[in-house]
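See structure below.
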Amino acid sequence: MQLIRNALTGAGKTVDNWFLEPIDARVYALVRITYAVVVLAVVIELWPVRAALFSEDGMSFHRPDLLWYLPLKYVRSQAAVTALMVGVGTAAVMMGLGLFTRFAALALYLWNFAYCAIGYPAESGYDGVVRIVGFVLLLAPPARVWALDGRIFGKGHESPPRYALRCLQVQLGIIYVCTVWLKAPDSYWRSGELMAYFMMSMYSRLPVAEWAFWGRTSVLMTWGSLLTEAMIPFALFSTRFRRWGFLMGLALHGGIAISSTIGMFSLAMVPLYAAFVSSEDVDYLISRYGWLKQLTPRAPK
Amino acid sequence: MVSANLPFTTAFGSELRRPFVHYIGYVGLWQNWVMFHTIPHFRALRPMLVARYPGGAQTEHGAMLPGLTRYKPRTRMGSLFFRYTWPTNDILPYGRAYLQRACGEVFKQTGKQPSTMTLRLDSLRLQSLADARRTLKPGKPASDFSTMNVPCN
């Protein structure tokens, strides 16, 4: 009996430590700032098609069962959609600056939820990433480092619990595991031809027929990206290979951003990677780039 | 997170997801990571609205609303037109609403009320690698009509 009790206590402590251990508040700040940049980028991307996607004159559908707390339920004219998007852009800037952060996080999360519900047929994978990060940040502990809120409301926790970062880390793992699970059985992924087709397609920045002749390049790129996607979450969760995880992520998503028209997905993944940054990484960056010292307080002991 | 990714296609059907469905719906945490799980099929797209009139006449219009303007390539809008051409059950109400609105827009611009409205996806469909090597062209012209054809009344 005592053995079971000890085992349960030990397991509880491990889970408690894994999920709630104190973490440098600057990591939360990093996630918050990168998230704000991503939301702003999505607003800019949506701006030219705002009337088409969100107004009642456009191409989508204001479902009658839309949840009452979603702003686009009540915003229907083209002018009102434009005004709302200006407001969302402002909220993204506030989020980046850490000004009334909780309010800004709520506004951005509801905006993303609403536009994905109204513009569901035009939803992209990165919209889901942004929505999930927004939801988690809404429930994250207040961390007022690198934030104007710190000047207004006081500093808050310097070492908040890391549960929200853990959620984002697990989410990153789920994304890669699911995508590898879905891709691996496909015959084009297995034959290594997928990248040749992808690079000739509408998603490529250089869609020329020559890709059909570069068979070995295609095989290396196809298998390389599948292998990288499979390895990234394990590397990031490991203490020893974490920086390799960052490098592989940079290679994969940097490659996608450079070679294809879906660079927004690469950008949207940045806050999830930021959740893996450690206090030592932030110190390293600050020591490397002197001008950051002016902006940042020291890491809490 | 995990429950949102459980597949519907196992012997469990939707049973495993059922306890979480309301939670996922009310907080907007649906997620789907089907991203390039197989090859893309198109080199270029040009969606067109096709209005048909009593007597068999038909007219073509730009697919973008409002204004029936021409489609300009955008990844997000390309996805929308794929989904409106081959709609799944969850997309059908959106697609029908789009085509209904297109009926009104065509009437507003031309003064003629079409009897039905549909979407045609003109495209360059990717060729097989062997054909691309032989012709030195990545795609060949194709045309697909949407499975939705909506009455305008």
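Residues are named by chain letter and number: chains run A, B, ... in the order of the structure tokens, numbers start at 1 in each chain, and ligands are numbered from 1 in the order shown.
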
* Tell me, as JSON, numbers by chain, which residues lie within 7 Å of Gln127 of chain B, counting only C-alpha atoms; anything in the same chain fewer than 5 positions away does not count. => {"B": [132, 138, 139, 140]}

Any chance you could export the current selection's C-alpha atoms as a PDB file, in the first residue's frame?
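In the end it all went to out.pdb:
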ATOM      1  CA  ALA B 132       5.759  16.799 -68.044  1.00  0.00           C
ATOM      2  CA  PRO B 138       3.809  21.144 -65.993  1.00  0.00           C
ATOM      3  CA  GLY B 139       0.061  21.323 -66.604  1.00  0.00           C
ATOM      4  CA  LYS B 140      -2.640  20.786 -69.199  1.00  0.00           C
TER       5      LYS B 140
END

* For chain B, which residues have at least one atom within 7 Å of chain A, if we go by only C-alpha atoms? Write them as a ChimeraX atom specification, please. -> /B:1,28-29,31,33-35,37-40,42-44,64-66,76-77,79-80,83,91,94,97-98,126,129,132-133,136-138

Those residues you just picked out, can you put them in a file as a PDB file, in the first residue's frame with C-alpha atoms?
ATOM      1  CA  MET B   1      -5.996  18.846 -28.580  1.00  0.00           C
ATOM      2  CA  GLY B  28     -13.330  26.988 -31.513  1.00  0.00           C
ATOM      3  CA  LEU B  29     -10.592  24.428 -31.053  1.00  0.00           C
ATOM      4  CA  GLN B  31      -8.108  21.308 -35.858  1.00  0.00           C
ATOM      5  CA  TRP B  33      -3.579  18.778 -40.051  1.00  0.00           C
ATOM      6  CA  VAL B  34      -4.280  17.306 -43.466  1.00  0.00           C
ATOM      7  CA  MET B  35      -1.661  19.407 -45.231  1.00  0.00           C
ATOM      8  CA  HIS B  37      -0.904  14.531 -47.448  1.00  0.00           C
ATOM      9  CA  THR B  38      -0.683  13.796 -51.174  1.00  0.00           C
ATOM     10  CA  ILE B  39       0.364  15.765 -54.269  1.00  0.00           C
ATOM     11  CA  PRO B  40      -1.344  19.022 -55.265  1.00  0.00           C
ATOM     12  CA  PHE B  42      -3.157  22.096 -60.121  1.00  0.00           C
ATOM     13  CA  ARG B  43      -0.662  24.449 -61.691  1.00  0.00           C
ATOM     14  CA  ALA B  44      -3.131  27.355 -62.034  1.00  0.00           C
ATOM     15  CA  MET B  64     -15.382  36.968 -56.874  1.00  0.00           C
ATOM     16  CA  LEU B  65     -18.146  38.633 -54.894  1.00  0.00           C
ATOM     17  CA  PRO B  66     -19.041  41.382 -54.404  1.00  0.00           C
ATOM     18  CA  ARG B  76      -6.628  31.017 -49.418  1.00  0.00           C
ATOM     19  CA  MET B  77      -9.118  31.840 -52.165  1.00  0.00           C
ATOM     20  CA  SER B  79      -8.775  26.619 -51.366  1.00  0.00           C
ATOM     21  CA  LEU B  80     -12.216  28.203 -51.211  1.00  0.00           C
ATOM     22  CA  ARG B  83     -14.107  23.440 -51.757  1.00  0.00           C
ATOM     23  CA  ILE B  91     -19.170  23.207 -47.021  1.00  0.00           C
ATOM     24  CA  TYR B  94     -21.629  28.013 -47.638  1.00  0.00           C
ATOM     25  CA  ALA B  97     -25.298  30.726 -50.113  1.00  0.00           C
ATOM     26  CA  TYR B  98     -22.476  31.884 -52.416  1.00  0.00           C
ATOM     27  CA  LEU B 126      -0.692  18.958 -63.227  1.00  0.00           C
ATOM     28  CA  LEU B 129       6.043  13.532 -64.313  1.00  0.00           C
ATOM     29  CA  ALA B 132       5.759  16.799 -68.044  1.00  0.00           C
ATOM     30  CA  ARG B 133       9.140  15.472 -69.195  1.00  0.00           C
ATOM     31  CA  LEU B 136       8.001  20.267 -71.091  1.00  0.00           C
ATOM     32  CA  LYS B 137       4.781  21.660 -69.627  1.00  0.00           C
ATOM     33  CA  PRO B 138       3.809  21.144 -65.993  1.00  0.00           C
TER      34      PRO B 138
END

* To do: Give me every strand (DSSP E) residue in chain B, going by DSSP on the backbone, as a ChimeraX atom specification.
  => /B:42-52,58-62,116-126,139-151

* What gap, in Å, lies between atom CA of Thr147 of chain B and atom CA of Gly13 of chain B? ->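 About the pair atom CA of Thr147 of chain B and atom CA of Gly13 of chain B: they are 26.6 Å apart.
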
* Any idea what's packed within 7 Å of Pro151 of chain B, counting only C-alpha atoms, ignoring anything in its chain fewer than 3 positions away? Could you give it as a list of chain:residue names? -> B:Ser115, B:Thr116, B:Met117

* **Residue neighbourhood Val81 of chain A, 8 Å, only C-alpha atoms, exclusion window fewer than 5 positions, as a ChimeraX atom specification** => /A:50-51,54-55,72,75-76

* Excluding segment 91-99 of chain A and residues on its chain fewer than 6 positions from it, collect all residues at most 6 Å away from it, counting only C-alpha atoms, and give them as a PyMOL selection string. => chain A and resi 33+36+40+147-149

* **Contacts of Tyr35 of chain A at 10 Å (only C-alpha atoms; same-chain gap of 4+ positions) as a PyMOL selection string** => chain A and resi 29-31+39-41+92+95-96+105+108+130+133-134+137+267-272+274

* Find the distance between atom CA of Phe8 of chain B and atom CA of Arg166 of chain A and write it in Å to one decimal. =>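 Result for atom CA of Phe8 of chain B versus atom CA of Arg166 of chain A: 27.0 Å, one decimal.
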
* Please identify all polymer residues within 9 Å of Cys103 of chain B, counting only C-alpha atoms, omitting same-chain residues fewer than 2 positions from it, and present them as a PyMOL selection string. => chain B and resi 51+98-101+105-108+113-117+150-153

* Every residue of segment 166-291 of chain A that DSSP places in helix (DSSP H, G or I), as a count of residues only -> 100

* Asked: Quick one, how far is atom CA of Met85 of chain A from atom CA of Leu92 of chain B?
  -> 26.9 Å

* Nearest to Glu21 of chain A among A:Leu8, A:Ala83, A:Ala164, A:Leu106, with distances taken over only C-alpha atoms: which residue is it? ->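 Selected residue with least distance to Glu21 of chain A: A:Ala164.
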
* Asked: Between B:Leu119, B:Gly62, B:Gly67, B:Val21, which has the minimum distance to Gly104 of chain B (counting only C-alpha atoms)?
  ->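 Distance minimum relative to Gly104 of chain B lands on B:Gly67.
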